[in-house]
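Below is the file my_file.cif, which contains mmCIF, C-alpha atoms.
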```
data_upload
loop_
_atom_site.group_PDB
_atom_site.id
_atom_site.type_symbol
_atom_site.label_atom_id
_atom_site.label_comp_id
_atom_site.auth_asym_id
_atom_site.auth_seq_id
_atom_site.Cartn_x
_atom_site.Cartn_y
_atom_site.Cartn_z
ATOM 1 C CA MET A 149 9.416 -41.700 -3.593
ATOM 2 C CA PRO A 150 6.270 -43.360 -2.231
ATOM 3 C CA LYS A 151 3.008 -41.567 -2.874
ATOM 4 C CA LEU A 152 2.335 -39.081 -0.101
ATOM 5 C CA ASN A 153 -0.697 -39.500 2.120
ATOM 6 C CA ARG A 154 -2.589 -36.239 1.770
ATOM 7 C CA GLY A 155 -5.487 -37.318 3.995
ATOM 8 C CA LYS A 156 -8.973 -35.928 3.526
ATOM 9 C CA THR A 157 -9.191 -32.875 1.290
ATOM 10 C CA ASN A 158 -11.760 -30.412 0.051
ATOM 11 C CA LYS A 159 -12.020 -27.396 -2.214
ATOM 12 C CA LEU A 160 -11.196 -23.862 -1.136
ATOM 13 C CA SER A 161 -12.366 -20.959 -3.270
ATOM 14 C CA ILE A 162 -10.609 -17.607 -2.914
ATOM 15 C CA ARG A 163 -10.506 -14.228 -4.621
ATOM 16 C CA LEU A 164 -7.161 -12.570 -5.330
ATOM 17 C CA SER A 165 -6.003 -9.104 -6.291
ATOM 18 C CA THR A 166 -4.535 -8.614 -9.760
ATOM 19 C CA GLY A 167 -1.081 -7.784 -8.398
ATOM 20 C CA ALA A 168 -1.008 -10.818 -6.111
ATOM 21 C CA ASN A 169 -2.224 -13.075 -8.904
ATOM 22 C CA GLU A 170 0.666 -12.018 -11.119
ATOM 23 C CA GLN A 171 3.255 -12.493 -8.372
ATOM 24 C CA ILE A 172 1.872 -15.913 -7.470
ATOM 25 C CA GLU A 173 2.255 -17.033 -11.079
ATOM 26 C CA ILE A 174 5.879 -15.837 -11.090
ATOM 27 C CA ALA A 175 6.629 -17.569 -7.776
ATOM 28 C CA ALA A 176 5.018 -20.778 -9.054
ATOM 29 C CA LYS A 177 7.282 -20.788 -12.117
ATOM 30 C CA ASN A 178 10.355 -20.078 -10.012
ATOM 31 C CA LEU A 179 9.567 -22.893 -7.570
ATOM 32 C CA GLY A 180 8.520 -25.293 -10.300
ATOM 33 C CA ILE A 181 5.132 -26.018 -8.731
ATOM 34 C CA SER A 182 1.499 -25.202 -9.411
ATOM 35 C CA LYS A 183 -0.219 -21.942 -8.570
ATOM 36 C CA SER A 184 -2.272 -23.832 -5.966
ATOM 37 C CA GLY A 185 0.870 -25.216 -4.339
ATOM 38 C CA THR A 186 2.381 -21.751 -4.162
ATOM 39 C CA ILE A 187 -0.711 -20.310 -2.468
ATOM 40 C CA LEU A 188 -0.865 -23.186 0.025
ATOM 41 C CA PHE A 189 2.827 -22.722 0.827
ATOM 42 C CA GLY A 190 2.238 -19.089 1.747
ATOM 43 C CA LEU A 191 -1.116 -19.657 3.440
ATOM 44 C CA THR A 192 0.295 -22.367 5.724
ATOM 45 C CA LYS A 193 2.815 -19.887 7.120
ATOM 46 C CA LEU A 194 0.310 -17.028 7.320
ATOM 47 C CA LEU A 195 -2.241 -19.002 9.361
ATOM 48 C CA LYS A 196 0.324 -19.692 12.080
ATOM 49 C CA ASN A 197 0.030 -16.024 13.011
ATOM 50 C CA PRO A 198 -3.021 -14.665 11.173
ATOM 51 C CA PRO A 199 -3.693 -10.931 10.875
ATOM 52 C CA THR A 200 -6.071 -9.295 13.306
ATOM 53 C CA LEU A 201 -9.592 -8.236 12.363
ATOM 54 C CA SER A 202 -8.489 -4.590 12.401
ATOM 55 C CA LYS A 203 -5.715 -5.484 9.940
ATOM 56 C CA ILE A 204 -8.256 -7.165 7.647
ATOM 57 C CA GLU A 205 -10.449 -4.049 7.785
ATOM 58 C CA GLN A 206 -7.415 -2.004 6.764
ATOM 59 C CA LEU A 207 -6.660 -4.389 3.875
ATOM 60 C CA LYS A 208 -10.213 -3.945 2.588
ATOM 61 C CA LYS A 209 -9.379 -0.286 1.950
ATOM 62 C CA GLU A 210 -6.007 -1.040 0.350
ATOM 63 C CA ILE A 211 -6.662 -4.118 -1.779
ATOM 64 C CA THR A 212 -9.186 -4.682 -4.558
ATOM 65 C CA LEU A 213 -10.020 -8.331 -5.104
ATOM 66 C CA GLU A 214 -10.844 -9.629 -8.554
ATOM 67 C CA PRO A 215 -14.481 -10.738 -9.021
ATOM 68 C CA TYR A 216 -13.671 -14.275 -10.138
ATOM 69 C CA HIS A 217 -12.612 -17.132 -7.884
ATOM 70 C CA PHE A 218 -9.556 -19.351 -7.880
ATOM 71 C CA VAL A 219 -10.278 -22.855 -6.602
ATOM 72 C CA LEU A 220 -7.640 -25.045 -4.995
ATOM 73 C CA THR A 221 -7.549 -28.276 -3.007
ATOM 74 C CA ALA A 222 -6.497 -28.179 0.659
ATOM 75 C CA ASN A 223 -6.493 -30.682 3.486
ATOM 76 C CA GLU A 224 -9.062 -30.683 6.272
ATOM 77 C CA GLY A 225 -6.656 -29.353 8.908
ATOM 78 C CA LEU A 226 -6.004 -26.152 7.006
ATOM 79 C CA LEU A 227 -9.669 -25.786 6.037
ATOM 80 C CA LYS A 228 -10.717 -26.024 9.686
ATOM 81 C CA ARG A 229 -8.373 -23.140 10.567
ATOM 82 C CA VAL A 230 -9.739 -21.137 7.639
ATOM 83 C CA ASN A 231 -13.364 -21.811 8.636
ATOM 84 C CA LYS A 232 -12.741 -20.885 12.276
ATOM 85 C CA LEU A 233 -11.039 -17.634 11.333
ATOM 86 C CA ALA A 234 -13.886 -16.752 8.962
ATOM 87 C CA GLU A 235 -16.442 -17.481 11.706
ATOM 88 C CA ASP A 236 -14.518 -15.446 14.301
ATOM 89 C CA TYR A 237 -14.216 -12.458 11.959
ATOM 90 C CA GLU A 238 -17.687 -12.937 10.403
ATOM 91 C CA ILE A 239 -16.237 -12.568 6.904
ATOM 92 C CA LYS A 240 -16.760 -14.884 3.943
ATOM 93 C CA LYS A 241 -13.739 -17.161 3.775
ATOM 94 C CA ASN A 242 -13.135 -16.625 0.048
ATOM 95 C CA VAL A 243 -12.800 -12.897 0.733
ATOM 96 C CA LEU A 244 -10.924 -13.244 4.031
ATOM 97 C CA ILE A 245 -8.296 -15.594 2.622
ATOM 98 C CA GLY A 246 -8.165 -13.501 -0.517
ATOM 99 C CA TYR A 247 -7.084 -10.456 1.488
ATOM 100 C CA ILE A 248 -4.579 -12.428 3.571
ATOM 101 C CA VAL A 249 -2.941 -14.131 0.583
ATOM 102 C CA SER A 250 -3.050 -11.033 -1.630
ATOM 103 C CA GLU A 251 -1.364 -8.876 0.997
ATOM 104 C CA TYR A 252 1.380 -11.499 1.370
ATOM 105 C CA PHE A 253 2.151 -11.770 -2.344
ATOM 106 C CA LYS A 254 1.306 -8.313 -3.706
ATOM 107 C CA ASN A 255 4.474 -6.629 -2.432
ATOM 108 C CA MET A 256 6.786 -9.204 -3.964
ATOM 109 C CA SER A 257 8.716 -8.029 -6.998
ATOM 110 C CA GLU A 258 10.539 -11.240 -7.808
ATOM 111 C CA PRO A 259 11.482 -11.553 -11.499
ATOM 112 C CA ILE A 260 11.029 -14.785 -13.423
ATOM 113 C CA LYS A 261 14.203 -16.833 -13.142
ATOM 114 C CA GLU A 262 16.074 -18.129 -16.155
ATOM 115 C CA ASN A 263 16.237 -21.889 -16.715
ATOM 116 C CA VAL A 264 13.042 -22.809 -14.862
ATOM 117 C CA LYS A 265 12.574 -26.001 -16.874
ATOM 118 C CA SER A 266 12.056 -28.901 -14.471
ATOM 119 C CA LYS A 267 14.953 -31.313 -13.998
ATOM 120 C CA GLN A 268 15.428 -34.402 -11.855
ATOM 121 C CA PHE A 269 17.378 -33.672 -8.686
ATOM 122 C CA MET A 270 18.908 -36.130 -6.227
ATOM 123 C CA VAL A 271 18.576 -35.390 -2.526
ATOM 124 C CA GLN A 272 20.679 -37.214 0.069
ATOM 125 C CA LEU A 273 19.889 -36.420 3.668
ATOM 126 C CA ASN A 274 19.401 -37.758 7.168
ATOM 127 C CA GLU A 275 16.547 -40.244 7.391
ATOM 128 C CA ASN A 276 14.807 -38.436 10.263
ATOM 129 C CA LEU A 277 14.957 -35.150 8.357
ATOM 130 C CA LYS A 278 13.348 -36.801 5.364
ATOM 131 C CA LYS A 279 10.543 -38.126 7.594
ATOM 132 C CA LYS A 280 9.898 -34.628 8.935
ATOM 133 C CA MET A 281 9.763 -33.232 5.412
ATOM 134 C CA ILE A 282 7.257 -35.871 4.331
ATOM 135 C CA GLU A 283 5.118 -35.234 7.428
ATOM 136 C CA TYR A 284 5.102 -31.492 6.693
ATOM 137 C CA SER A 285 4.281 -32.118 3.045
ATOM 138 C CA GLU A 286 1.393 -34.411 3.927
ATOM 139 C CA GLU A 287 0.038 -32.214 6.709
ATOM 140 C CA HIS A 288 -0.013 -29.028 4.655
ATOM 141 C CA TYR A 289 -0.678 -30.493 1.195
ATOM 142 C CA ILE A 290 2.533 -28.971 -0.157
ATOM 143 C CA PRO A 291 4.650 -30.771 -2.779
ATOM 144 C CA LEU A 292 7.937 -32.169 -1.505
ATOM 145 C CA SER A 293 9.691 -30.573 -4.486
ATOM 146 C CA ALA A 294 8.509 -27.156 -3.269
ATOM 147 C CA LEU A 295 10.111 -27.722 0.139
ATOM 148 C CA VAL A 296 13.387 -28.622 -1.554
ATOM 149 C CA SER A 297 13.362 -25.595 -3.889
ATOM 150 C CA TYR A 298 12.261 -23.174 -1.163
ATOM 151 C CA SER A 299 14.915 -24.405 1.277
ATOM 152 C CA ILE A 300 17.714 -24.092 -1.269
ATOM 153 C CA LEU A 301 16.603 -20.574 -2.231
ATOM 154 C CA HIS A 302 16.859 -19.537 1.422
ATOM 155 C CA GLY A 303 20.367 -20.854 1.872
ATOM 156 C CA PRO A 304 22.154 -23.302 4.198
ATOM 157 C CA TYR A 305 22.249 -23.809 7.931
ATOM 158 C CA GLU A 306 25.528 -22.270 9.087
ATOM 159 C CA GLY A 307 26.208 -24.591 12.018
ATOM 160 C CA ILE A 308 26.770 -28.325 12.292
ATOM 161 C CA PRO A 309 23.497 -30.308 12.049
ATOM 162 C CA LYS A 310 22.675 -32.565 14.987
ATOM 163 C CA TYR A 311 20.727 -35.765 14.416
ATOM 164 C CA GLU A 312 19.604 -38.512 16.760
ATOM 165 C CA GLU A 313 20.545 -41.094 14.143
ATOM 166 C CA GLU A 314 23.208 -40.914 11.447
ATOM 167 C CA GLU A 315 21.565 -43.037 8.751
ATOM 168 C CA THR A 316 21.126 -41.287 5.406
ATOM 169 C CA VAL A 317 18.703 -41.928 2.554
ATOM 170 C CA GLN A 318 18.265 -40.719 -1.006
ATOM 171 C CA PHE A 319 15.301 -39.679 -3.090
ATOM 172 C CA PHE A 320 14.765 -37.969 -6.418
ATOM 173 C CA THR A 321 12.464 -35.043 -7.099
ATOM 174 C CA ASN A 322 11.998 -32.456 -9.830
ATOM 175 C CA VAL A 323 13.152 -28.867 -9.360
ATOM 176 C CA PRO A 324 13.750 -25.956 -11.769
ATOM 177 C CA GLY A 325 17.086 -26.169 -13.543
ATOM 178 C CA TYR A 326 18.471 -23.016 -11.924
ATOM 179 C CA ILE A 327 18.056 -24.631 -8.484
ATOM 180 C CA GLY A 328 20.495 -27.384 -9.416
ATOM 181 C CA GLU A 329 22.892 -24.788 -10.808
ATOM 182 C CA MET A 330 22.637 -22.819 -7.574
ATOM 183 C CA VAL A 331 23.514 -25.895 -5.511
ATOM 184 C CA LYS A 332 26.535 -26.660 -7.689
ATOM 185 C CA GLU A 333 27.771 -23.065 -7.528
ATOM 186 C CA HIS A 334 27.451 -22.748 -3.744
ATOM 187 C CA ALA A 335 28.873 -26.198 -3.062
ATOM 188 C CA GLU A 336 31.988 -25.213 -4.997
ATOM 189 C CA LYS A 337 32.124 -21.916 -3.119
ATOM 190 C CA TYR A 338 32.058 -23.662 0.285
ATOM 191 C CA ASN A 339 34.232 -26.548 -0.977
ATOM 192 C CA ILE A 340 31.674 -29.181 0.029
ATOM 193 C CA ARG A 341 29.708 -31.827 -1.836
ATOM 194 C CA GLU A 342 26.487 -30.820 -3.504
ATOM 195 C CA HIS A 343 24.329 -33.279 -1.550
ATOM 196 C CA PHE A 344 25.771 -31.961 1.733
ATOM 197 C CA TYR A 345 25.000 -28.355 0.759
ATOM 198 C CA THR A 346 21.436 -29.397 -0.082
ATOM 199 C CA SER A 347 21.042 -31.175 3.271
ATOM 200 C CA LEU A 348 22.243 -28.041 5.098
ATOM 201 C CA CYS A 349 19.558 -26.012 3.338
ATOM 202 C CA LEU A 350 16.883 -28.559 4.230
ATOM 203 C CA TYR A 351 18.068 -28.761 7.850
ATOM 204 C CA LYS A 352 17.683 -24.987 8.191
#
```

Please go through the file and, once you have read it, give me the structure as C-alpha coordinates.
Amino acid sequence: MPKLNRGKTNKLSIRLSTGANEQIEIAAKNLGISKSGTILFGLTKLLKNPPTLSKIEQLKKEITLEPYHFVLTANEGLLKRVNKLAEDYEIKKNVLIGYIVSEYFKNMSEPIKENVKSKQFMVQLNENLKKKMIEYSEEHYIPLSALVSYSILHGPYEGIPKYEEEETVQFFTNVPGYIGEMVKEHAEKYNIREHFYTSLCLYK
(Lines of atoms letter the chains of each structure in order from A and count residues from 1; the text may use other names and numbers.)
(Lines give C-alpha, C1' and ligand atoms only; values in the text may rest on other atoms or scores of the structure.)
Protein backbone atom coordinates (compact mmCIF):
# COMPACT_ATOMS: atom_id res chain seq x y z
CA MET A 1 0.00 0.00 0.00
CA PRO A 2 1.33 3.47 -0.84
CA LYS A 3 1.69 5.88 2.05
CA LEU A 4 -1.56 7.75 2.57
CA ASN A 5 -1.67 11.51 2.13
CA ARG A 6 -2.96 12.82 5.43
CA GLY A 7 -2.68 16.49 4.45
CA LYS A 8 -2.08 19.20 7.02
CA THR A 9 -2.60 18.12 10.62
CA ASN A 10 -2.54 19.60 14.08
CA LYS A 11 -2.99 18.55 17.69
CA LEU A 12 -6.36 18.24 19.39
CA SER A 13 -6.50 18.04 23.17
CA ILE A 14 -9.60 16.56 24.81
CA ARG A 15 -10.79 15.47 28.23
CA LEU A 16 -12.61 12.16 28.63
CA SER A 17 -14.72 10.52 31.31
CA THR A 18 -13.29 7.48 33.09
CA GLY A 19 -15.95 5.16 31.66
CA ALA A 20 -15.43 6.39 28.10
CA ASN A 21 -11.67 6.12 28.45
CA GLU A 22 -11.94 2.46 29.42
CA GLN A 23 -14.33 1.64 26.57
CA ILE A 24 -12.13 3.43 24.04
CA GLU A 25 -9.16 1.33 25.10
CA ILE A 26 -11.22 -1.85 24.66
CA ALA A 27 -12.49 -0.75 21.24
CA ALA A 28 -8.94 0.13 20.18
CA LYS A 29 -7.72 -3.37 21.06
CA ASN A 30 -10.65 -4.98 19.27
CA LEU A 31 -10.08 -2.95 16.10
CA GLY A 32 -6.32 -3.32 16.25
CA ILE A 33 -5.67 0.42 16.07
CA SER A 34 -4.50 3.17 18.40
CA LYS A 35 -6.64 4.94 20.97
CA SER A 36 -6.35 8.10 18.86
CA GLY A 37 -7.58 6.28 15.76
CA THR A 38 -10.56 4.92 17.67
CA ILE A 39 -11.55 8.38 18.92
CA LEU A 40 -11.19 9.90 15.44
CA PHE A 41 -13.32 7.10 13.98
CA GLY A 42 -16.15 7.92 16.36
CA LEU A 43 -15.70 11.69 16.22
CA THR A 44 -15.87 11.74 12.41
CA LYS A 45 -19.33 10.17 12.53
CA LEU A 46 -20.50 12.31 15.46
CA LEU A 47 -19.61 15.63 13.78
CA LYS A 48 -21.83 14.82 10.80
CA ASN A 49 -24.79 15.39 13.10
CA PRO A 50 -23.44 17.03 16.26
CA PRO A 51 -25.51 17.30 19.44
CA THR A 52 -27.37 20.51 20.15
CA LEU A 53 -26.23 23.02 22.76
CA SER A 54 -29.09 21.93 25.03
CA LYS A 55 -27.85 18.33 24.74
CA ILE A 56 -24.33 19.43 25.72
CA GLU A 57 -25.75 21.26 28.75
CA GLN A 58 -27.52 18.04 29.73
CA LEU A 59 -24.29 16.03 29.31
CA LYS A 60 -22.51 18.42 31.67
CA LYS A 61 -24.84 17.22 34.43
CA GLU A 62 -24.47 13.54 33.54
CA ILE A 63 -20.78 13.16 32.70
CA THR A 64 -17.70 13.95 34.77
CA LEU A 65 -14.60 14.55 32.69
CA GLU A 66 -11.19 13.57 33.97
CA PRO A 67 -8.87 16.52 34.75
CA TYR A 68 -6.05 15.40 32.47
CA HIS A 69 -5.97 15.76 28.69
CA PHE A 70 -5.56 13.22 25.93
CA VAL A 71 -3.79 14.64 22.88
CA LEU A 72 -4.29 13.27 19.38
CA THR A 73 -3.45 14.34 15.84
CA ALA A 74 -6.28 15.28 13.46
CA ASN A 75 -6.45 16.82 10.01
CA GLU A 76 -7.37 20.44 9.39
CA GLY A 77 -10.82 19.64 8.00
CA LEU A 78 -11.96 17.98 11.20
CA LEU A 79 -10.29 20.63 13.37
CA LYS A 80 -12.14 23.39 11.52
CA ARG A 81 -15.48 21.70 12.30
CA VAL A 82 -14.43 21.31 15.93
CA ASN A 83 -13.36 24.96 16.20
CA LYS A 84 -16.58 26.23 14.61
CA LEU A 85 -18.74 24.14 16.92
CA ALA A 86 -16.78 25.36 19.95
CA GLU A 87 -17.19 28.98 18.81
CA ASP A 88 -20.93 28.55 18.15
CA TYR A 89 -21.51 26.98 21.56
CA GLU A 90 -18.96 29.20 23.36
CA ILE A 91 -17.43 26.16 25.07
CA LYS A 92 -13.75 25.22 25.22
CA LYS A 93 -13.17 22.63 22.52
CA ASN A 94 -11.31 20.20 24.79
CA VAL A 95 -14.38 20.09 27.04
CA LEU A 96 -16.96 20.16 24.24
CA ILE A 97 -15.38 17.29 22.33
CA GLY A 98 -14.78 15.50 25.60
CA TYR A 99 -18.51 15.45 26.32
CA ILE A 100 -19.43 14.43 22.77
CA VAL A 101 -16.91 11.58 22.59
CA SER A 102 -17.50 10.42 26.17
CA GLU A 103 -21.26 10.20 25.67
CA TYR A 104 -20.70 8.14 22.51
CA PHE A 105 -18.36 5.61 24.11
CA LYS A 106 -19.50 5.50 27.75
CA ASN A 107 -22.57 3.34 27.11
CA MET A 108 -20.65 0.69 25.22
CA SER A 109 -20.13 -2.56 27.09
CA GLU A 110 -18.09 -4.40 24.50
CA PRO A 111 -15.80 -7.07 26.00
CA ILE A 112 -12.21 -7.51 24.86
CA LYS A 113 -12.13 -10.02 22.02
CA GLU A 114 -9.95 -13.10 22.07
CA ASN A 115 -7.12 -13.36 19.54
CA VAL A 116 -6.59 -9.63 18.99
CA LYS A 117 -2.97 -10.11 17.94
CA SER A 118 -2.41 -8.33 14.63
CA LYS A 119 -2.12 -10.48 11.51
CA GLN A 120 -1.61 -9.67 7.85
CA PHE A 121 -4.85 -9.78 5.88
CA MET A 122 -5.34 -9.75 2.12
CA VAL A 123 -8.14 -7.62 0.70
CA GLN A 124 -9.35 -8.04 -2.88
CA LEU A 125 -11.96 -5.57 -4.03
CA ASN A 126 -13.17 -3.33 -6.82
CA GLU A 127 -10.65 -0.65 -7.73
CA ASN A 128 -13.13 2.23 -7.37
CA LEU A 129 -14.14 0.99 -3.92
CA LYS A 130 -10.52 0.94 -2.87
CA LYS A 131 -10.10 4.54 -4.07
CA LYS A 132 -13.10 5.62 -2.00
CA MET A 133 -11.69 3.89 1.07
CA ILE A 134 -8.33 5.62 0.64
CA GLU A 135 -10.03 9.00 0.16
CA TYR A 136 -12.06 8.48 3.35
CA SER A 137 -8.97 7.37 5.24
CA GLU A 138 -6.99 10.41 4.11
CA GLU A 139 -9.81 12.89 4.66
CA HIS A 140 -10.59 11.75 8.20
CA TYR A 141 -7.11 10.64 9.31
CA ILE A 142 -8.38 7.12 10.01
CA PRO A 143 -6.20 4.05 9.38
CA LEU A 144 -7.24 1.92 6.42
CA SER A 145 -6.98 -1.17 8.64
CA ALA A 146 -9.66 0.32 10.91
CA LEU A 147 -12.06 0.69 7.99
CA VAL A 148 -11.50 -2.95 7.07
CA SER A 149 -12.00 -4.24 10.63
CA TYR A 150 -15.02 -2.01 11.29
CA SER A 151 -16.72 -3.01 8.03
CA ILE A 152 -16.24 -6.73 8.67
CA LEU A 153 -17.59 -6.41 12.22
CA HIS A 154 -20.76 -4.82 10.84
CA GLY A 155 -21.40 -7.56 8.32
CA PRO A 156 -21.90 -7.82 4.54
CA TYR A 157 -24.03 -5.99 2.03
CA GLU A 158 -26.97 -8.30 1.31
CA GLY A 159 -27.56 -7.30 -2.31
CA ILE A 160 -25.43 -7.49 -5.43
CA PRO A 161 -22.80 -4.70 -5.56
CA LYS A 162 -22.91 -2.41 -8.58
CA TYR A 163 -19.71 -0.89 -9.91
CA GLU A 164 -19.00 1.38 -12.85
CA GLU A 165 -15.89 -0.64 -13.63
CA GLU A 166 -15.18 -4.31 -12.96
CA GLU A 167 -11.42 -4.16 -12.41
CA THR A 168 -10.26 -5.55 -9.07
CA VAL A 169 -7.12 -4.88 -7.05
CA GLN A 170 -5.45 -6.36 -3.98
CA PHE A 171 -3.75 -4.90 -0.95
CA PHE A 172 -2.53 -6.20 2.39
CA THR A 173 -3.25 -4.68 5.78
CA ASN A 174 -3.03 -5.78 9.40
CA VAL A 175 -6.16 -6.69 11.37
CA PRO A 176 -6.75 -8.54 14.66
CA GLY A 177 -6.61 -12.31 14.28
CA TYR A 178 -10.27 -12.82 15.19
CA ILE A 179 -11.29 -10.65 12.21
CA GLY A 180 -9.69 -13.10 9.80
CA GLU A 181 -11.36 -15.98 11.63
CA MET A 182 -14.70 -14.21 11.35
CA VAL A 183 -14.29 -13.79 7.59
CA LYS A 184 -13.42 -17.46 7.14
CA GLU A 185 -16.37 -18.60 9.26
CA HIS A 186 -18.94 -16.42 7.48
CA ALA A 187 -17.57 -17.16 4.02
CA GLU A 188 -18.06 -20.86 4.69
CA LYS A 189 -21.54 -20.17 6.03
CA TYR A 190 -22.57 -18.32 2.84
CA ASN A 191 -20.57 -20.70 0.62
CA ILE A 192 -18.57 -17.88 -0.96
CA ARG A 193 -14.88 -17.01 -1.14
CA GLU A 194 -13.34 -15.13 1.73
CA HIS A 195 -12.21 -12.17 -0.40
CA PHE A 196 -15.75 -11.81 -1.81
CA TYR A 197 -17.26 -11.79 1.70
CA THR A 198 -14.76 -9.10 2.71
CA SER A 199 -15.62 -6.99 -0.35
CA LEU A 200 -19.34 -7.24 0.50
CA CYS A 201 -18.61 -5.90 3.98
CA LEU A 202 -16.55 -3.04 2.57
CA TYR A 203 -19.19 -2.22 -0.05
CA LYS A 204 -21.81 -1.87 2.69

Practice prompt. Run the PyMOL selection byres ((chain A and resi 281-283) around 12) against the file shown and list the residues it catches, as a ChimeraX atom specification.
Written response: /A:149-155,273-280,284-296,299,319,347,350-352

Discussion item. With the PyMOL selection byres ((chain A and resi 250) around 9) as the selection, what would be picked from this file? Answer as a ChimeraX atom specification, please.
Written reply: /A:163-169,211,213,245-249,251-255

Could you dump the residues just selected with C-alpha atoms as a PDB file, in the frame of the given file?
```
ATOM      1  CA  ARG A 163     -10.506 -14.228  -4.621  1.00  0.00           C
ATOM      2  CA  LEU A 164      -7.161 -12.570  -5.330  1.00  0.00           C
ATOM      3  CA  SER A 165      -6.003  -9.104  -6.291  1.00  0.00           C
ATOM      4  CA  THR A 166      -4.535  -8.614  -9.760  1.00  0.00           C
ATOM      5  CA  GLY A 167      -1.081  -7.784  -8.398  1.00  0.00           C
ATOM      6  CA  ALA A 168      -1.008 -10.818  -6.111  1.00  0.00           C
ATOM      7  CA  ASN A 169      -2.224 -13.075  -8.904  1.00  0.00           C
ATOM      8  CA  ILE A 211      -6.662  -4.118  -1.779  1.00  0.00           C
ATOM      9  CA  LEU A 213     -10.020  -8.331  -5.104  1.00  0.00           C
ATOM     10  CA  ILE A 245      -8.296 -15.594   2.622  1.00  0.00           C
ATOM     11  CA  GLY A 246      -8.165 -13.501  -0.517  1.00  0.00           C
ATOM     12  CA  TYR A 247      -7.084 -10.456   1.488  1.00  0.00           C
ATOM     13  CA  ILE A 248      -4.579 -12.428   3.571  1.00  0.00           C
ATOM     14  CA  VAL A 249      -2.941 -14.131   0.583  1.00  0.00           C
ATOM     15  CA  GLU A 251      -1.364  -8.876   0.997  1.00  0.00           C
ATOM     16  CA  TYR A 252       1.380 -11.499   1.370  1.00  0.00           C
ATOM     17  CA  PHE A 253       2.151 -11.770  -2.344  1.00  0.00           C
ATOM     18  CA  LYS A 254       1.306  -8.313  -3.706  1.00  0.00           C
ATOM     19  CA  ASN A 255       4.474  -6.629  -2.432  1.00  0.00           C
TER      20      ASN A 255
END
```

Practice prompt. Taking the file as shown, find all residues satisfying the PyMOL selection byres ((chain A and resi 178-183) around 7) and write them as a ChimeraX atom specification.
Written response: /A:172-177,184-187,260-261,264,266,294,297-298,323-324

Worksheet item: For Ile308 of chain A, which of A:Tyr237, A:Cys349, A:Pro198, A:Met270 is the closest residue, counting only C-alpha atoms?
Response: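 Ranked by minimum distance to Ile308 of chain A, first place goes to A:Cys349.
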
Centre and edges of the segment 339-345 of chain A box, axis-aligned, 4 Å extra per side, as AutoDock Vina command-line options:
```
--center_x 29.3 --center_y -29.9 --center_z -0.9 --size_x 17.9 --size_y 14.7 --size_z 13.2
```

Practice prompt. Figure out the distance between atom CA of Ser257 of chain A and atom CA of Asn242 of chain A, please, to one decimal in Å.
Written response: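 These two atoms are separated by 24.5 Å.
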
Worksheet item: Nearest to Lys310 of chain A: which of A:Val243, A:Leu194, A:Met330, A:Leu348 is it, counting all atoms listed in the file?
Response: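 Under the stated criterion, the closest residue is A:Leu348.
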
Worksheet, complete the sentence: Using all atoms listed in the file, the best pick from A:Thr192, A:Glu262, A:Leu301, A:Ser161 as closest to Pro215 of chain A would be A:Ser161

Item to complete: Could you tell me which of A:Thr321, A:Thr221, A:Asn339, A:Thr346 comes closest to Lys156 of chain A if we count all atoms listed in the file?
Response: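 Closest candidate: A:Thr221.
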
Practice prompt. Work out how far atom CA of Ile162 of chain A is from atom CA of Val219 of chain A, in Å to one decimal.
Written response: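 Between atom CA of Val219 of chain A and atom CA of Ile162 of chain A the gap works out to 6.4 Å.
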